[in-house]
Amino acid sequence: MTTEAPLLQMRGITKRFPGVIANEDVDFDLHGGEVHTLLGENGAGKSTLMKILFGLYQPDEGEVLLRGKPIDITSPSEAIAARIGMVHQHFMLVPTLTVAENVALGIKSKRGMLTDLDSVSERIREISDSHGLAVDPSVEVWRLSVGERQRIEIVKALFRDAELLVLDEPTAVLTPQEVDDLFVILRRMTDEGRGLIFISHKLHEVMSLSDRITVLRNGRVTGQTVPSETSREQLAQMMVGRAVRLTPDKPDVKAGDVRLKVRGLTVRGDRGTKAVDNIDLDVYGGEILGVAGVSGNGQRELAEVIAGLREPEGTCTIELDGTSLVGADTRTRRDRGLSYVPEERMRDGAIGDFTVSENMILVDHGGERFSRSGLLNFGAIKDHCTELVQRYAVKTPGIDTPTSSLSGGNIQKVIMARELTAEPHLLIASQPTRGVDIGSAEYIHERLVEQRSRGTATLLISEDLDEVIGLSDRIAVMFDGRVVGIVDSADATREGIGLLMAGVLA
Amino acid sequence: MKRLVGAAVPLLAALFAFLFGAIMLLAIGANPWDGLVAIVDGAYGDGDALATTAVKAMPLILVGAGITIAFRASVVNIGGEGQIVAGALLSTVVALALPDLPALILIPMVLLAGLIGGGIAGAVPGALKAYASVNEILSTIMLNLVMVQLMNYLLRGPLIDPIEVERGTRIPQTERLSDNAAMPTLIDGTRLHLGVVIAILAAIIAYIVLWRTPLGFRLRAVGHSPEAARAAGIKVKRHVTYALSISGSLGGLAGALLVFGSEGQRMVTDGSSAGFTGSAGFNGIVAALFGALHPLWTIPSAFLFGGLLTGATNMQRVLQVPAALAVALNGLVVIFVISSDPVRSRIDRFLSSRGELNETLKSEKPVDNQEIDA
């Protein structure tokens with residue numbers, strides 16, 4: 001591995017877009033048999049570099065060497081011919097077709113005009129067996145779980161005999177157990193001498209899987225290291241450019257009375273099945289109750305039913321500070337002290353076409369503070385929003401900027417600013433830092449801890465286990481609509497919660 | 001810069017439409033330049049022409065402003081015709097019932113009756129959409145038909161002018177309504193009346209409501225993102241109903257002004273809704289689109305289309321060409337405006353938020369009871 005030329009060398013890659021330098025003098029190399037992680041925040045230049053490798057962009061400067069020889073890749077088909085494979089974050093599969101048909105898509109059949117599915121299925125079985133993928137080529141894709149679909153993407157790459165495989169955030173949708181299974185498969189692939197480029201921002205995964213790590217920030221390489229010589233904090237620092245607290249200090253707060261009391265709550269999901277199944281929960285003042293679970297196990301429905309956006313089924317108890325919320329609409333619940341940071345930021349949390357200030361008053365616009373004798377009081381609105389932009393460190397050209405032009409982290413800060421100025425008694429925060437840059441995430445975490453000190457009862461719903469464990473006082477794990485366990489965060493381990501999330505101990 | 005482009009697009013579209021119109025004139029052997037002169041002359045040539053144009057523009061301004069309000073809340077209102085008729089009928093009934101009230105009281109009352117009549121005609125499809133997911137495009141169109149029949153029944157029966165019955169001519173029209181309800185003429189010797197001013201004021205108020213009041217804020221929030229609005233505690237269903245009610249009430253106001261600004265000072269029809277409205281309920285949509293669905297831009301846009309309507313009559317007289325040509329010209333402008341890029345992307349955005357609104361309204365329905373376990 002050391003003597004022969006590396007599988008891939010990208011040297012001095014520079015790529016400019018109007019007004020932005022996406023990659024500046026980036027060096028990146030990959031040997032056969034290793035996992036080289038590309039780490040960086042959104043917009044750091046990871047995707048641009050990989051798109052250059054895959055022939056979707058041409059570099060302005062620099063060269064790409066494959067197996068020691070300079071190569072000019074001008075299209076994805078050339079990349080595939082050069083045995084470069086890509087597993088996309090969003091699966092490129094046709095749900096109504098079978099696995100074999102999906103794999104055969106875009107491959108020239110050996111039988112000319114006729115399809116060649118039998119031999120394709122045969123190869124898929126071979127690949128599946130030799131890599132422990134457990135993929136059945138005759139099943140339609142829509143029947144498969146997310147983890148299985150991902151394995152098909154890997155089969156597709158292996159089918160084309162990719163020697164160099166790019167995995168773009170492959171773990172984003174997987175349970176911790178599925179992630180472990182995936183890593184075993186990936187290791188088997190490197191054992192065969194293939195080289196993997198792993199793109200992720202989940203630091204613990206990066207630490208456990210990588211042989212080498214290259215960190216990008218603002219299009220430049222800010223560090224190259226190996227897991228044994230670094231830590232998650234150091235990696236985060238390289239990504240952000242300053243020291244970052246991954247888990248905020250939590251002052252001791254004496255838990256108050258029960259603020260949110262839920263008993264016997266059952267909710268139907270959009271498909272009519274029970275999304276939440278007979279749940280009991282208590283959240284105390286000054287407490288953050290984390291809700292962990294793989295996406296789609298009822299967390300969204302739980303948040304929505306408490307926020308008044310979804311009807312519960314049958315008789316149940318939902319009480320805030322001893323007053324029942326059942327049957328009350330969202331407005332009433334908000335008036336009683338509920339604040340809600342929704343999971344789907346751009347759909348439920350903020351209006352993209354509205355300005356920053358319009359989104360900041362989305363809840364409160366009708367109150368005395370912002371309207372006078374039937375007209376909006378623009379003076380008061382401007383003062384309030386200018387102050388919020390400053391206080392919540394929202395990076396925006398102004399309060400009249402369309403919200404959709406802000407970054408995800410800043411949009412989330414706008415939403416947090418709005419929801420927290422209401423001084424809530426109960427805060428539901430769903431995936432508060434998903435897709436948010438580390439700096440903003442750190443800031444949002446501090447604000448959540450601040451609410452805890454204020455005595456707010458916080459229901460923190462998150463798929464990010466580090467976030468849940470780092471912030472919560474207690475952690476409720478949801479699986480298949482039920483709370484399968486509530487653990488004290490002091491006793492919580494990733495492994496223990498991971499097993500609960502997979503329903504193993506349920 | 002962006003605003004300039006926004007203003008240039010409809011004008012360019014109009015230019016192209018006129019070029020096409022010129023070709024059509026050539027094709028039937030008329031001189032296009034003479035045609036243009038006849039239209040402009042007939043529409044804006046002298047005080048009389050301007051007054052007629054303004055009166056033609058009046059209902060277009062009102063219906064157009066109503067369309068923009070509905071549009072901002074992501075609902076469509078094709079029910080302008082029916083809402084005009086509803087407003088006209090209710091205000092007529094008020095004037096018939098209380099003919100002796102002084103003008104200072106009667107005029108506000110008939111205007112209010114117009115607003116209420118049109119508002120009801122808008123509230124029905126609004127509530128059906130909000131609470132029963134009934135497609136408002138269909139329901140407003142169908143309500144147009146219902147209102148025509150109601151108008152024909154009333155004007156041929158209970159409200160018919162007794163003289164028409166006596167003479168046996170039975171023209172479907174009311175008796176001459178109280179002069180105390182007549183719109184005061186603004187310039188003697190022309191047809192320009194107070195109704196035009198009221199229409200312009202109403203469009204300005206529509207603008208203020210949309211962008212300066214909490215109600216308008218909520219309507220726009222619902223229009224842009226019903227899910228985000230709902231999560232913020234805004235009552236989406238109620239505001240969908242409001243949007244169509246307000247939109248309808250502006251049409252109803254147009255109906256009242258058509259009756260009390262008419263020379264005959266009575267409500268009259270030929271059995272079709274256009275016989276009374278002059279198709280203002282549909283042309284108002286065109287004016288709103290041409291005005292980029294902004295209530296203030298609807299005002300000049302309505303004057304342009306009002307001018308086209310009066311100018312076409314003049315062209316017909318001067319060049320001896322069919323008036324249908326003007327209708328075609330009208331249609332051409334619409335086609336060019338709608339197919340221009342900025343307007344298309346705006347309509348695309350509208351359609352996607354309308355789809356989102358429909359989803360939201362449906363998802364607010366209670367759960368399906370069938371699937372509940374015993």
# chains A, B, ... in the order shown; residues from 1 in each chain; ligands from 1

$ select_by_dssp --residues "segment 207-288 of chain A" --states "helix (DSSP H, G or I)" --output "ChimeraX atom specification"
/A:207-209,227-229,232-240

$ residues_around --residues "Thr52 of chain B" --least-positions-apart "4" --cutoff "12 Å" --atoms "only C-alpha atoms" --output "PyMOL selection string"
chain B and resi 42-48+56-58+187+189-193+196+261-263+303+306-311+313-314

$ write_last_selection --atoms "N, CA and C atoms" --output "PDB file, in the first residue's frame"
ATOM      1  N   GLY B  42     -61.170  56.231 -28.596  1.00  0.00           N
ATOM      2  CA  GLY B  42     -62.437  55.879 -27.973  1.00  0.00           C
ATOM      3  C   GLY B  42     -62.300  55.714 -26.472  1.00  0.00           C
ATOM      4  N   ALA B  43     -61.108  55.322 -26.020  1.00  0.00           N
ATOM      5  CA  ALA B  43     -60.924  55.037 -24.600  1.00  0.00           C
ATOM      6  C   ALA B  43     -60.479  56.262 -23.832  1.00  0.00           C
ATOM      7  N   TYR B  44     -59.549  57.010 -24.420  1.00  0.00           N
ATOM      8  CA  TYR B  44     -58.950  58.091 -23.644  1.00  0.00           C
ATOM      9  C   TYR B  44     -58.992  59.429 -24.390  1.00  0.00           C
ATOM     10  N   GLY B  45     -59.721  59.484 -25.516  1.00  0.00           N
ATOM     11  CA  GLY B  45     -59.660  60.642 -26.402  1.00  0.00           C
ATOM     12  C   GLY B  45     -60.141  61.960 -25.797  1.00  0.00           C
ATOM     13  N   ASP B  46     -61.242  61.941 -25.076  1.00  0.00           N
ATOM     14  CA  ASP B  46     -61.722  63.180 -24.467  1.00  0.00           C
ATOM     15  C   ASP B  46     -62.323  62.874 -23.106  1.00  0.00           C
ATOM     16  N   GLY B  47     -62.829  63.874 -22.464  1.00  0.00           N
ATOM     17  CA  GLY B  47     -63.363  63.715 -21.123  1.00  0.00           C
ATOM     18  C   GLY B  47     -64.453  62.661 -21.053  1.00  0.00           C
ATOM     19  N   ASP B  48     -65.328  62.673 -22.036  1.00  0.00           N
ATOM     20  CA  ASP B  48     -66.407  61.701 -22.074  1.00  0.00           C
ATOM     21  C   ASP B  48     -65.866  60.283 -22.124  1.00  0.00           C
ATOM     22  N   LYS B  56     -66.263  51.838 -16.701  1.00  0.00           N
ATOM     23  CA  LYS B  56     -66.039  50.427 -17.080  1.00  0.00           C
ATOM     24  C   LYS B  56     -64.986  49.780 -16.181  1.00  0.00           C
ATOM     25  N   ALA B  57     -63.984  50.599 -15.783  1.00  0.00           N
ATOM     26  CA  ALA B  57     -62.891  50.061 -14.960  1.00  0.00           C
ATOM     27  C   ALA B  57     -63.355  49.774 -13.536  1.00  0.00           C
ATOM     28  N   MET B  58     -64.375  50.507 -13.082  1.00  0.00           N
ATOM     29  CA  MET B  58     -64.792  50.422 -11.675  1.00  0.00           C
ATOM     30  C   MET B  58     -65.021  48.987 -11.167  1.00  0.00           C
ATOM     31  N   ILE B 187     -68.570  64.780 -12.301  1.00  0.00           N
ATOM     32  CA  ILE B 187     -68.419  65.873 -13.265  1.00  0.00           C
ATOM     33  C   ILE B 187     -69.695  65.932 -14.074  1.00  0.00           C
ATOM     34  N   GLY B 189     -72.420  66.291 -16.783  1.00  0.00           N
ATOM     35  CA  GLY B 189     -72.384  66.044 -18.223  1.00  0.00           C
ATOM     36  C   GLY B 189     -71.620  64.793 -18.591  1.00  0.00           C
ATOM     37  N   THR B 190     -70.915  64.165 -17.641  1.00  0.00           N
ATOM     38  CA  THR B 190     -70.261  62.889 -17.934  1.00  0.00           C
ATOM     39  C   THR B 190     -70.907  61.813 -17.068  1.00  0.00           C
ATOM     40  N   ARG B 191     -70.489  60.571 -17.304  1.00  0.00           N
ATOM     41  CA  ARG B 191     -71.047  59.477 -16.506  1.00  0.00           C
ATOM     42  C   ARG B 191     -70.201  59.183 -15.271  1.00  0.00           C
ATOM     43  N   LEU B 192     -69.148  59.973 -15.088  1.00  0.00           N
ATOM     44  CA  LEU B 192     -68.245  59.710 -13.964  1.00  0.00           C
ATOM     45  C   LEU B 192     -68.967  59.909 -12.642  1.00  0.00           C
ATOM     46  N   HIS B 193     -69.032  58.876 -11.818  1.00  0.00           N
ATOM     47  CA  HIS B 193     -69.736  58.995 -10.539  1.00  0.00           C
ATOM     48  C   HIS B 193     -68.868  58.534  -9.385  1.00  0.00           C
ATOM     49  N   VAL B 196     -66.604  55.225  -8.855  1.00  0.00           N
ATOM     50  CA  VAL B 196     -65.226  55.024  -9.303  1.00  0.00           C
ATOM     51  C   VAL B 196     -64.254  55.324  -8.164  1.00  0.00           C
ATOM     52  N   GLY B 261     -75.013  53.169 -10.001  1.00  0.00           N
ATOM     53  CA  GLY B 261     -74.286  54.078 -10.870  1.00  0.00           C
ATOM     54  C   GLY B 261     -74.798  54.006 -12.296  1.00  0.00           C
ATOM     55  N   SER B 262     -75.821  53.164 -12.514  1.00  0.00           N
ATOM     56  CA  SER B 262     -76.310  52.986 -13.880  1.00  0.00           C
ATOM     57  C   SER B 262     -77.196  54.159 -14.276  1.00  0.00           C
ATOM     58  N   GLU B 263     -77.269  54.401 -15.568  1.00  0.00           N
ATOM     59  CA  GLU B 263     -78.100  55.511 -16.044  1.00  0.00           C
ATOM     60  C   GLU B 263     -79.571  55.255 -15.750  1.00  0.00           C
ATOM     61  N   PHE B 303     -57.928  50.245 -15.537  1.00  0.00           N
ATOM     62  CA  PHE B 303     -58.175  51.364 -16.456  1.00  0.00           C
ATOM     63  C   PHE B 303     -57.760  50.999 -17.878  1.00  0.00           C
ATOM     64  N   GLY B 306     -60.490  48.568 -18.992  1.00  0.00           N
ATOM     65  CA  GLY B 306     -61.700  49.347 -19.180  1.00  0.00           C
ATOM     66  C   GLY B 306     -61.608  50.125 -20.485  1.00  0.00           C
ATOM     67  N   GLY B 307     -60.403  50.665 -20.739  1.00  0.00           N
ATOM     68  CA  GLY B 307     -60.168  51.402 -21.977  1.00  0.00           C
ATOM     69  C   GLY B 307     -60.303  50.514 -23.193  1.00  0.00           C
ATOM     70  N   LEU B 308     -59.795  49.316 -23.071  1.00  0.00           N
ATOM     71  CA  LEU B 308     -59.883  48.375 -24.182  1.00  0.00           C
ATOM     72  C   LEU B 308     -61.345  48.094 -24.530  1.00  0.00           C
ATOM     73  N   LEU B 309     -62.169  47.986 -23.461  1.00  0.00           N
ATOM     74  CA  LEU B 309     -63.585  47.691 -23.679  1.00  0.00           C
ATOM     75  C   LEU B 309     -64.291  48.858 -24.374  1.00  0.00           C
ATOM     76  N   THR B 310     -64.050  50.089 -23.863  1.00  0.00           N
ATOM     77  CA  THR B 310     -64.710  51.242 -24.499  1.00  0.00           C
ATOM     78  C   THR B 310     -64.101  51.506 -25.869  1.00  0.00           C
ATOM     79  N   GLY B 311     -62.766  51.367 -25.955  1.00  0.00           N
ATOM     80  CA  GLY B 311     -62.095  51.619 -27.224  1.00  0.00           C
ATOM     81  C   GLY B 311     -62.548  50.657 -28.299  1.00  0.00           C
ATOM     82  N   THR B 313     -65.461  49.352 -28.679  1.00  0.00           N
ATOM     83  CA  THR B 313     -66.750  49.791 -29.214  1.00  0.00           C
ATOM     84  C   THR B 313     -66.532  50.866 -30.278  1.00  0.00           C
ATOM     85  N   ASN B 314     -65.615  51.765 -29.988  1.00  0.00           N
ATOM     86  CA  ASN B 314     -65.312  52.835 -30.932  1.00  0.00           C
ATOM     87  C   ASN B 314     -64.709  52.286 -32.226  1.00  0.00           C
TER      88      ASN B 314
END

$ closest_residue --among "B:Ala130, B:Leu250, B:Val327, B:Val343" --to "Leu357 of chain B" --atoms "only C-alpha atoms"
B:Ala130

$ residues_around --residues "segment 226-228 of chain B" --least-positions-apart "6" --cutoff "7 Å" --atoms "only C-alpha atoms" --output "ChimeraX atom specification"
/A:347-351 /B:236,356-357,360

$ write_last_selection --atoms "N, CA and C atoms" --output "compact mmCIF listing (two decimals), in the first residue's frame"
# COMPACT_ATOMS: atom_id res chain seq x y z
N ARG A 347 -41.05 23.80 6.58
CA ARG A 347 -42.45 23.58 6.27
C ARG A 347 -43.33 24.10 7.40
N ASP A 348 -42.97 23.75 8.64
CA ASP A 348 -43.83 24.07 9.78
C ASP A 348 -43.31 25.21 10.64
N GLY A 349 -42.00 25.47 10.54
CA GLY A 349 -41.41 26.41 11.49
C GLY A 349 -41.37 27.84 10.99
N ALA A 350 -41.02 27.99 9.73
CA ALA A 350 -40.87 29.35 9.21
C ALA A 350 -41.43 29.39 7.80
N ILE A 351 -41.78 30.59 7.37
CA ILE A 351 -42.30 30.78 6.01
C ILE A 351 -41.18 31.38 5.17
N VAL B 236 -56.28 28.22 10.21
CA VAL B 236 -56.19 28.18 8.75
C VAL B 236 -57.57 28.15 8.11
N GLU B 356 -50.48 22.69 -1.06
CA GLU B 356 -50.14 22.53 0.35
C GLU B 356 -51.33 22.87 1.24
N LEU B 357 -52.02 23.93 0.85
CA LEU B 357 -53.20 24.34 1.62
C LEU B 357 -54.24 23.23 1.62
N THR B 360 -53.25 20.59 3.99
CA THR B 360 -53.44 21.02 5.38
C THR B 360 -54.91 20.91 5.78

$ interface_residues --of "chain B" --to "chain A" --cutoff "6 Å" --atoms "only C-alpha atoms" --output "ChimeraX atom specification"
/B:212-214,225,227-228,232-233

$ residues_around --residues "His131 of chain A" --least-positions-apart "6" --cutoff "9 Å" --atoms "only C-alpha atoms" --output "ChimeraX atom specification"
/A:185-186,188-189

$ atom_distance --atom1 "atom CA of Gln237 of chain A" --atom2 "atom CA of Gly290 of chain A"
26.1 Å

$ residues_around --residues "Gly122 of chain B" --least-positions-apart "6" --cutoff "8 Å" --atoms "only C-alpha atoms" --output "ChimeraX atom specification"
/B:79,83,140,244-249

$ atom_distance --atom1 "atom CA of Met86 of chain A" --atom2 "atom CA of Leu65 of chain A"
17.8 Å

$ residues_around --residues "Asp437 of chain A" --least-positions-apart "5" --cutoff "7 Å" --atoms "only C-alpha atoms" --output "ChimeraX atom specification"
/A:41-42,409

$ write_last_selection --atoms "N, CA and C atoms" --output "compact mmCIF listing (two decimals), in the first residue's frame"
# COMPACT_ATOMS: atom_id res chain seq x y z
N GLU A 41 -18.50 21.15 7.52
CA GLU A 41 -19.88 21.62 7.65
C GLU A 41 -20.51 21.76 6.27
N ASN A 42 -21.82 22.00 6.26
CA ASN A 42 -22.48 22.29 4.99
C ASN A 42 -21.79 23.48 4.35
N GLY A 409 -29.02 26.98 9.84
CA GLY A 409 -28.75 27.32 11.24
C GLY A 409 -29.36 28.65 11.62

$ residues_around --residues "Arg418 of chain A" --least-positions-apart "3" --cutoff "7 Å" --atoms "only C-alpha atoms" --output "list of chain:residue names"
A:Met360, A:Ile361, A:Val414, A:Ile415, A:Thr421

$ atom_distance --atom1 "atom CA of Ile200 of chain B" --atom2 "atom CA of Ile61 of chain B"
6.9 Å

$ closest_residue --among "B:Leu12, B:Ala97, B:Ile78, B:Ala22" --to "Phe282 of chain B" --atoms "only C-alpha atoms"
B:Ile78

$ decode --residues "segment 241-275 of chain B" --atoms "C-alpha atoms" --output "compact mmCIF listing (two decimals), in the first residue's frame"
# COMPACT_ATOMS: atom_id res chain seq x y z
CA THR B 241 -63.22 31.37 4.68
CA TYR B 242 -62.33 35.00 5.39
CA ALA B 243 -60.27 35.28 2.21
CA LEU B 244 -63.11 34.19 -0.05
CA SER B 245 -65.65 36.23 1.93
CA ILE B 246 -63.63 39.44 1.60
CA SER B 247 -62.94 38.68 -2.04
CA GLY B 248 -66.65 38.11 -2.63
CA SER B 249 -67.71 41.21 -0.74
CA LEU B 250 -65.62 43.40 -3.07
CA GLY B 251 -67.43 41.80 -6.00
CA GLY B 252 -70.72 42.45 -4.23
CA LEU B 253 -69.77 46.09 -3.78
CA ALA B 254 -69.15 46.25 -7.52
CA GLY B 255 -72.66 44.86 -8.04
CA ALA B 256 -74.22 47.59 -5.88
CA LEU B 257 -72.23 50.28 -7.70
CA LEU B 258 -73.29 48.88 -11.07
CA VAL B 259 -76.94 49.24 -10.06
CA PHE B 260 -76.76 52.63 -8.42
CA GLY B 261 -74.29 54.08 -10.87
CA SER B 262 -76.31 52.99 -13.88
CA GLU B 263 -78.10 55.51 -16.04
CA GLY B 264 -81.38 53.65 -15.66
CA GLN B 265 -80.96 53.52 -11.86
CA ARG B 266 -82.28 49.99 -11.83
CA MET B 267 -81.09 46.41 -12.00
CA VAL B 268 -81.62 44.91 -15.44
CA THR B 269 -80.53 41.72 -17.18
CA ASP B 270 -81.00 39.90 -20.47
CA GLY B 271 -81.19 36.52 -18.75
CA SER B 272 -77.42 35.98 -18.56
CA SER B 273 -75.10 37.20 -15.85
CA ALA B 274 -73.04 39.10 -18.44
CA GLY B 275 -76.25 40.94 -19.34
